[in-house]
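**Student:** Pasting a structure below so you can have a look.
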Amino acid sequence: NELAILDTSYNSFTGEIDSNFKNAPNIEYMHLSNNCFGGNFPHDICELGRLKILILSNLDSGESCRSFFWENTIFDSFDGFGTKSKLSGSIPPCVYELPEISEIYLRGNTLPGSLSNNIGSKLKILDTSYNRINGKIPKWFLSSQIVKLDLSHNRLSGNLDHANGIKYNSDTQEIYLQSNYVSGMIPSSFANILNINILDGNLFECDYKSELPIHDPRSNTYICASTNYTSDIIALIICIFIVILLGLWLIGWPYYKKDPKICAVVNELKLWYN
């Protein structure tokens, strides 16, 4: 019951994380990153009302459990790898609402989940990059309370309208949203933030380059797009499908026209059209 610090990081621990945290209610610092854990992500973490710093990054991809794809081949200079263990389950939204939490690091677990509608009043740093979190970004996650926000490489969608009018400290604020499905207008409050990466992999609308965050790595090469990301993608898929069908029809017509049943259908269509 007196345990306040739990740090098993950078080891080779396997198996499922014991989620019986009710026996350690006083934990304030938890660091389990870079191991070889499997099984479900522990939802009982939300019972740790005194937790201040949570570091659960790369839970199943520590160095000892990595299997490199190109090892001992001519491509071994590439660092792609798989893992021998596999984490499952989802990231519970309640973790963002813990009353004492100030820092959360959940990077690199490739887990699904969603963001909560509220955040703990002391949360300052949040890194959930390289997961499969979906849904829209709630307004509290774009508040100036969180000085470092990294939601990159997920499946988040919607727009950033909640950030309009918020006064960020451009020198200390950090916002990373690249490689999601975010669209819409870019808030003017992002314009001068020094540490920002939101353009790459998203589809924002803008009329002029001056509307882009000047310190974003893609600000000089980004091509502005539509606010309606989903509609554009659907329209593109439909066009490609029509082109494929037309191509198959043109290629196969010399053979189809020999079939009397197909010819009869074509003639009926011609009569109907006329």
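Residue numbers start at 1 in each chain; chains themselves are named A, B, ... in the order of the structure tokens; ligands are numbered from 1 in the order shown.
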If we count only C-alpha atoms and set the cut-off at 6 Å, which residues sit around Asn35 in chain A, ignoring sequence neighbours fewer than 6 positions away in its own chain? Please answer as a ChimeraX atom specification.
**Tutor:** /A:10-13,59-60,62
**Student:** Determine, counting only C-alpha atoms, which protein, DNA and RNA residues have an atom within 7 Å of an atom of Lys122 in chain A; residues of the same chain fewer than 4 positions away are not included. Present the result as a PDB file with all heavy atoms, in the first residue's frame.
**Tutor:**
```pdb
ATOM      1  N   GLU A 100      -4.995  13.673 -10.570  1.00  0.00           N
ATOM      2  CA  GLU A 100      -3.648  14.185 -10.278  1.00  0.00           C
ATOM      3  C   GLU A 100      -2.693  14.051 -11.463  1.00  0.00           C
ATOM      4  O   GLU A 100      -1.549  14.476 -11.365  1.00  0.00           O
ATOM      5  CB  GLU A 100      -3.061  13.452  -9.066  1.00  0.00           C
ATOM      6  CG  GLU A 100      -3.842  13.641  -7.776  1.00  0.00           C
ATOM      7  CD  GLU A 100      -3.822  15.088  -7.301  1.00  0.00           C
ATOM      8  OE1 GLU A 100      -2.780  15.753  -7.473  1.00  0.00           O
ATOM      9  OE2 GLU A 100      -4.848  15.554  -6.780  1.00  0.00           O
ATOM     10  N   ILE A 101      -3.161  13.489 -12.561  1.00  0.00           N
ATOM     11  CA  ILE A 101      -2.257  13.185 -13.671  1.00  0.00           C
ATOM     12  C   ILE A 101      -1.736  14.468 -14.326  1.00  0.00           C
ATOM     13  O   ILE A 101      -2.496  15.401 -14.587  1.00  0.00           O
ATOM     14  CB  ILE A 101      -2.965  12.288 -14.718  1.00  0.00           C
ATOM     15  CG1 ILE A 101      -1.943  11.590 -15.614  1.00  0.00           C
ATOM     16  CG2 ILE A 101      -3.984  13.049 -15.534  1.00  0.00           C
ATOM     17  CD1 ILE A 101      -1.213  10.475 -14.938  1.00  0.00           C
ATOM     18  N   SER A 102      -0.428  14.514 -14.571  1.00  0.00           N
ATOM     19  CA  SER A 102       0.175  15.676 -15.229  1.00  0.00           C
ATOM     20  C   SER A 102       0.877  15.297 -16.530  1.00  0.00           C
ATOM     21  O   SER A 102       0.973  16.117 -17.439  1.00  0.00           O
ATOM     22  CB  SER A 102       1.171  16.366 -14.298  1.00  0.00           C
ATOM     23  OG  SER A 102       2.243  15.492 -13.963  1.00  0.00           O
TER      24      SER A 102
END
```
**Student:** As an NGL selection string, which residues of range 77-216 of chain A does DSSP assign to helix (DSSP H, G or I)?
**Tutor:** :A and (93-97 or 139-142 or 161-163 or 188-190 or 209-211)
**Student:** With N, CA, C and O atoms retained, could you export that selection as a short mmCIF file (atom, residue, chain, number, x, y, z; two decimals), in the first residue's frame?
**Tutor:**
```
data_model
loop_
_atom_site.label_atom_id
_atom_site.label_comp_id
_atom_site.auth_asym_id
_atom_site.auth_seq_id
_atom_site.Cartn_x
_atom_site.Cartn_y
_atom_site.Cartn_z
N PRO A 93 -10.56 5.80 -22.14
CA PRO A 93 -10.63 7.27 -22.10
C PRO A 93 -10.47 7.84 -20.69
O PRO A 93 -10.02 8.98 -20.53
N CYS A 94 -10.83 7.05 -19.67
CA CYS A 94 -10.79 7.55 -18.30
C CYS A 94 -9.38 7.91 -17.85
O CYS A 94 -9.21 8.68 -16.89
N VAL A 95 -8.36 7.40 -18.54
CA VAL A 95 -6.98 7.67 -18.11
C VAL A 95 -6.65 9.15 -18.24
O VAL A 95 -5.83 9.70 -17.48
N TYR A 96 -7.30 9.85 -19.19
CA TYR A 96 -7.03 11.28 -19.39
C TYR A 96 -7.69 12.14 -18.33
O TYR A 96 -7.40 13.34 -18.24
N GLU A 97 -8.58 11.56 -17.53
CA GLU A 97 -9.35 12.32 -16.55
C GLU A 97 -8.88 12.11 -15.11
O GLU A 97 -9.50 12.62 -14.18
N LYS A 139 -12.60 19.51 -27.36
CA LYS A 139 -12.06 20.86 -27.22
C LYS A 139 -11.01 20.98 -26.12
O LYS A 139 -10.06 21.77 -26.23
N TRP A 140 -11.15 20.20 -25.04
CA TRP A 140 -10.22 20.36 -23.94
C TRP A 140 -8.81 19.92 -24.30
O TRP A 140 -7.83 20.37 -23.69
N PHE A 141 -8.68 19.04 -25.28
CA PHE A 141 -7.36 18.58 -25.69
C PHE A 141 -6.61 19.66 -26.48
O PHE A 141 -5.40 19.59 -26.64
N LEU A 142 -7.35 20.65 -26.97
CA LEU A 142 -6.73 21.75 -27.72
C LEU A 142 -6.60 23.01 -26.86
O LEU A 142 -6.25 24.07 -27.37
N ASP A 161 -11.69 23.49 -34.97
CA ASP A 161 -12.39 24.75 -34.68
C ASP A 161 -12.32 25.14 -33.21
O ASP A 161 -12.39 26.33 -32.87
N HIS A 162 -12.20 24.15 -32.32
CA HIS A 162 -12.16 24.45 -30.88
C HIS A 162 -10.94 25.29 -30.51
O HIS A 162 -10.93 25.93 -29.44
N ALA A 163 -9.91 25.29 -31.36
CA ALA A 163 -8.68 26.02 -31.04
C ALA A 163 -8.75 27.50 -31.42
O ALA A 163 -7.86 28.27 -31.07
N SER A 188 -6.10 30.30 -36.60
CA SER A 188 -5.08 31.36 -36.67
C SER A 188 -4.19 31.36 -35.43
O SER A 188 -3.06 31.85 -35.48
N SER A 189 -4.69 30.77 -34.34
CA SER A 189 -3.90 30.71 -33.11
C SER A 189 -2.69 29.79 -33.23
O SER A 189 -1.80 29.81 -32.38
N PHE A 190 -2.64 28.98 -34.30
CA PHE A 190 -1.50 28.09 -34.53
C PHE A 190 -0.38 28.78 -35.30
O PHE A 190 0.71 28.22 -35.45
N LYS A 209 -0.91 30.70 -48.64
CA LYS A 209 0.15 30.08 -47.85
C LYS A 209 0.33 30.78 -46.51
O LYS A 209 0.77 30.17 -45.54
N SER A 210 -0.01 32.05 -46.45
CA SER A 210 0.14 32.80 -45.22
C SER A 210 -0.77 32.30 -44.11
O SER A 210 -0.58 32.63 -42.93
N GLU A 211 -1.77 31.48 -44.45
CA GLU A 211 -2.67 30.92 -43.45
C GLU A 211 -2.09 29.70 -42.76
O GLU A 211 -2.66 29.22 -41.77
#
```
**Student:** Using only C-alpha atoms, which residue out of A:Leu149, A:Ile175, A:Leu126, A:Cys36 lies closest to Asn109 in chain A?
**Tutor:**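 Selected residue with least distance to Asn109 in chain A: A:Cys36.
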**Student:** A:Leu203, A:Met185, A:Cys239, A:Leu51: which is nearest His31 in chain A, counting only C-alpha atoms?
**Tutor:**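 Closest residue, counting only C-alpha atoms: A:Leu51.
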**Student:** Just the residues within 9 Å of Val182 in chain A, please, counting only C-alpha atoms, with nothing from its chain fewer than 4 positions along; format it as a PyMOL selection string.
**Tutor:** chain A and resi 136+155-160+177-178+198+201-204+229
**Student:** Could you pull the residues within 12 Å of range 39-47 of chain A, counting only C-alpha atoms, minus those fewer than 3 positions along the same chain, as number ranges by chain?
**Tutor:** A: 14-30, 32, 36, 50-60, 85-101, 104, 106, 109-113, 120
**Student:** Please run DSSP on the backbone and report, as a list in words, all residues within range 121-256 of chain A that come out as strand (DSSP E or B).
**Tutor:**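 Going through range 121-256 of chain A, the strand (DSSP E or B) residues come out as Ile125, Leu126, Asp127, Arg132, Ile133, Asn134, Gly135, Lys136, Lys148, Leu149, Asp150, Arg155, Leu156, Ser157, Gly158, Glu174, Ile175, Tyr176, Tyr181, Val182, Ser183, Gly184, Met185, Asn195, Ile196, Asn197, Leu203, Phe204 and Glu205 of chain A.
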**Student:** What is the distance between CA of Leu123 in chain A and CA of Pro138 in chain A, in Å to one decimal?
**Tutor:**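 Answer for the CA of Leu123 in chain A to CA of Pro138 in chain A separation: 14.6 Å.
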